[in-house]
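Structure, as structure tokens:
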Amino acid sequence: MPELLKRTTSRELSEWMLYEGMEPFGEKRADLRAGIVASTIYNLLKGEKAKALAPEDFMPRFEPGTAEGAQEEAQTSRLVDLAQALGAKVVKRGDS
């Protein structure tokens with residue numbers, strides 16, 4: 001990182017940050033692609049009364065101040081919904 005800061009101006013770094021905000025690359029882009037696939041499959045297989053989900057509903061959230069347990073529980077719930085839509089039998093711990 002020190003090498004990057006030596007060779008990059010504040011303006012150039014700001015422009016890259018702006019560009020990344022408009023056109024995500026790296027892991028954000030990969031998460032978005034995975035979310036698109038997961039939401040498409042879920043929405044095709046969900047029941048009529050089930051709410052449609054967006055790609056963002058399947059993407060991990062790394063928000064400051066978010067309670068880690070609540071975040072993990074919400075993500076697990078979305079994955080369970082997808083698994084059930086795909087026909088999987090979901091067994092909770094302690095259930096047989």
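Letters A, B, ... mark the chains of the structure tokens in the order given; residue numbers begin at 1 per chain; ligand numbers begin at 1, in order shown.
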
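Excluding Val90 (chain A) and any residue on its chain fewer than 5 positions from it, the residues at most 12 Å away by only C-alpha atoms are Thr76, Ser77, Leu79, Val80, Asp81, Leu82, Ala83, Gln84, Ala85, Asp95 and Ser96 of chain A.
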
TODO: Go through A:Arg33, A:Gly21, A:Gln75, A:Asn43 one by one, measure the shortest atom-to-atom distance of each to Pro60 (chain A) using only C-alpha atoms, and give the residue with the smallest value.
DONE: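 Nearest candidate to Pro60 (chain A) out of A:Arg33, A:Gly21, A:Gln75, A:Asn43: A:Gln75.
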
TODO: Mind checking which residues fall within 12 Å of Leu45 (chain A), counting only C-alpha atoms, ignoring those fewer than 4 positions away in the same chain, and posting them as JSON, numbers by chain?
DONE: {"A": [38, 39, 40, 41, 49, 50, 51, 52, 53, 81, 82, 83, 84, 85, 86, 87, 88]}

Let's have the selection written as a PDB file, in the first residue's frame, with N, CA and C atoms.
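selection.pdb, written as the output of this step:
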```pdb
ATOM      1  N   ALA A  38     -28.372 -16.629  -7.826  1.00  0.00           N
ATOM      2  CA  ALA A  38     -29.177 -17.162  -6.722  1.00  0.00           C
ATOM      3  C   ALA A  38     -30.601 -16.606  -6.747  1.00  0.00           C
ATOM      4  N   SER A  39     -30.753 -15.303  -6.982  1.00  0.00           N
ATOM      5  CA  SER A  39     -32.099 -14.721  -6.979  1.00  0.00           C
ATOM      6  C   SER A  39     -32.914 -15.200  -8.181  1.00  0.00           C
ATOM      7  N   THR A  40     -32.265 -15.393  -9.307  1.00  0.00           N
ATOM      8  CA  THR A  40     -32.974 -15.894 -10.487  1.00  0.00           C
ATOM      9  C   THR A  40     -33.516 -17.291 -10.229  1.00  0.00           C
ATOM     10  N   ILE A  41     -32.678 -18.156  -9.695  1.00  0.00           N
ATOM     11  CA  ILE A  41     -33.117 -19.523  -9.396  1.00  0.00           C
ATOM     12  C   ILE A  41     -34.226 -19.503  -8.352  1.00  0.00           C
ATOM     13  N   LYS A  49     -47.030 -17.446  -3.318  1.00  0.00           N
ATOM     14  CA  LYS A  49     -47.207 -16.486  -2.236  1.00  0.00           C
ATOM     15  C   LYS A  49     -45.889 -15.960  -1.685  1.00  0.00           C
ATOM     16  N   ALA A  50     -44.800 -16.590  -2.069  1.00  0.00           N
ATOM     17  CA  ALA A  50     -43.492 -16.161  -1.557  1.00  0.00           C
ATOM     18  C   ALA A  50     -43.070 -14.862  -2.239  1.00  0.00           C
ATOM     19  N   LYS A  51     -42.427 -14.030  -1.460  1.00  0.00           N
ATOM     20  CA  LYS A  51     -41.949 -12.747  -1.962  1.00  0.00           C
ATOM     21  C   LYS A  51     -40.743 -12.958  -2.879  1.00  0.00           C
ATOM     22  N   ALA A  52     -40.715 -12.239  -3.992  1.00  0.00           N
ATOM     23  CA  ALA A  52     -39.554 -12.292  -4.884  1.00  0.00           C
ATOM     24  C   ALA A  52     -38.363 -11.636  -4.190  1.00  0.00           C
ATOM     25  N   LEU A  53     -37.188 -12.174  -4.408  1.00  0.00           N
ATOM     26  CA  LEU A  53     -35.982 -11.630  -3.806  1.00  0.00           C
ATOM     27  C   LEU A  53     -35.062 -11.065  -4.870  1.00  0.00           C
ATOM     28  N   ASP A  81     -34.036 -20.500   2.365  1.00  0.00           N
ATOM     29  CA  ASP A  81     -35.114 -20.266   1.396  1.00  0.00           C
ATOM     30  C   ASP A  81     -34.715 -20.785   0.013  1.00  0.00           C
ATOM     31  N   LEU A  82     -33.483 -20.498  -0.396  1.00  0.00           N
ATOM     32  CA  LEU A  82     -33.009 -20.947  -1.708  1.00  0.00           C
ATOM     33  C   LEU A  82     -32.941 -22.467  -1.744  1.00  0.00           C
ATOM     34  N   ALA A  83     -32.404 -23.081  -0.708  1.00  0.00           N
ATOM     35  CA  ALA A  83     -32.293 -24.543  -0.662  1.00  0.00           C
ATOM     36  C   ALA A  83     -33.668 -25.193  -0.750  1.00  0.00           C
ATOM     37  N   GLN A  84     -34.639 -24.637  -0.026  1.00  0.00           N
ATOM     38  CA  GLN A  84     -35.996 -25.188  -0.061  1.00  0.00           C
ATOM     39  C   GLN A  84     -36.620 -24.994  -1.437  1.00  0.00           C
ATOM     40  N   ALA A  85     -36.357 -23.862  -2.075  1.00  0.00           N
ATOM     41  CA  ALA A  85     -36.883 -23.624  -3.421  1.00  0.00           C
ATOM     42  C   ALA A  85     -36.302 -24.627  -4.410  1.00  0.00           C
ATOM     43  N   LEU A  86     -35.084 -25.077  -4.135  1.00  0.00           N
ATOM     44  CA  LEU A  86     -34.442 -26.072  -4.999  1.00  0.00           C
ATOM     45  C   LEU A  86     -34.869 -27.495  -4.659  1.00  0.00           C
ATOM     46  N   GLY A  87     -35.745 -27.632  -3.653  1.00  0.00           N
ATOM     47  CA  GLY A  87     -36.283 -28.936  -3.301  1.00  0.00           C
ATOM     48  C   GLY A  87     -35.548 -29.642  -2.178  1.00  0.00           C
ATOM     49  N   ALA A  88     -34.625 -28.975  -1.531  1.00  0.00           N
ATOM     50  CA  ALA A  88     -33.881 -29.603  -0.435  1.00  0.00           C
ATOM     51  C   ALA A  88     -34.740 -29.666   0.815  1.00  0.00           C
TER      52      ALA A  88
END
```

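Between CA of Gly35 (chain A) and CA of Phe58 (chain A) the interatomic distance comes to 5.0 Å.
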
TODO: Give the answer as one residue: which of A:Met17, A:Thr8, A:Glu3, A:Ala54 has the shortest atom-to-atom distance to Val37 (chain A), using only C-alpha atoms?
DONE: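 Smallest distance to Val37 (chain A) is found for A:Ala54.
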
Task: Residue nearest Pro55 (chain A) among A:Ala74, A:Leu18, A:Leu32, A:Tyr42 (counting only C-alpha atoms) - done: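 Of A:Ala74, A:Leu18, A:Leu32, A:Tyr42, the one nearest Pro55 (chain A) is A:Leu32, counting only C-alpha atoms.
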
- [ ] For each of A:Leu4, A:Arg11, A:Met59, A:Trp16, take the minimum atom-to-atom distance to Lys28 (chain A), counting only C-alpha atoms, then give the residue where this is smallest.
- [x]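 Checking each candidate against Lys28 (chain A), we get A:Met59 as the closest.
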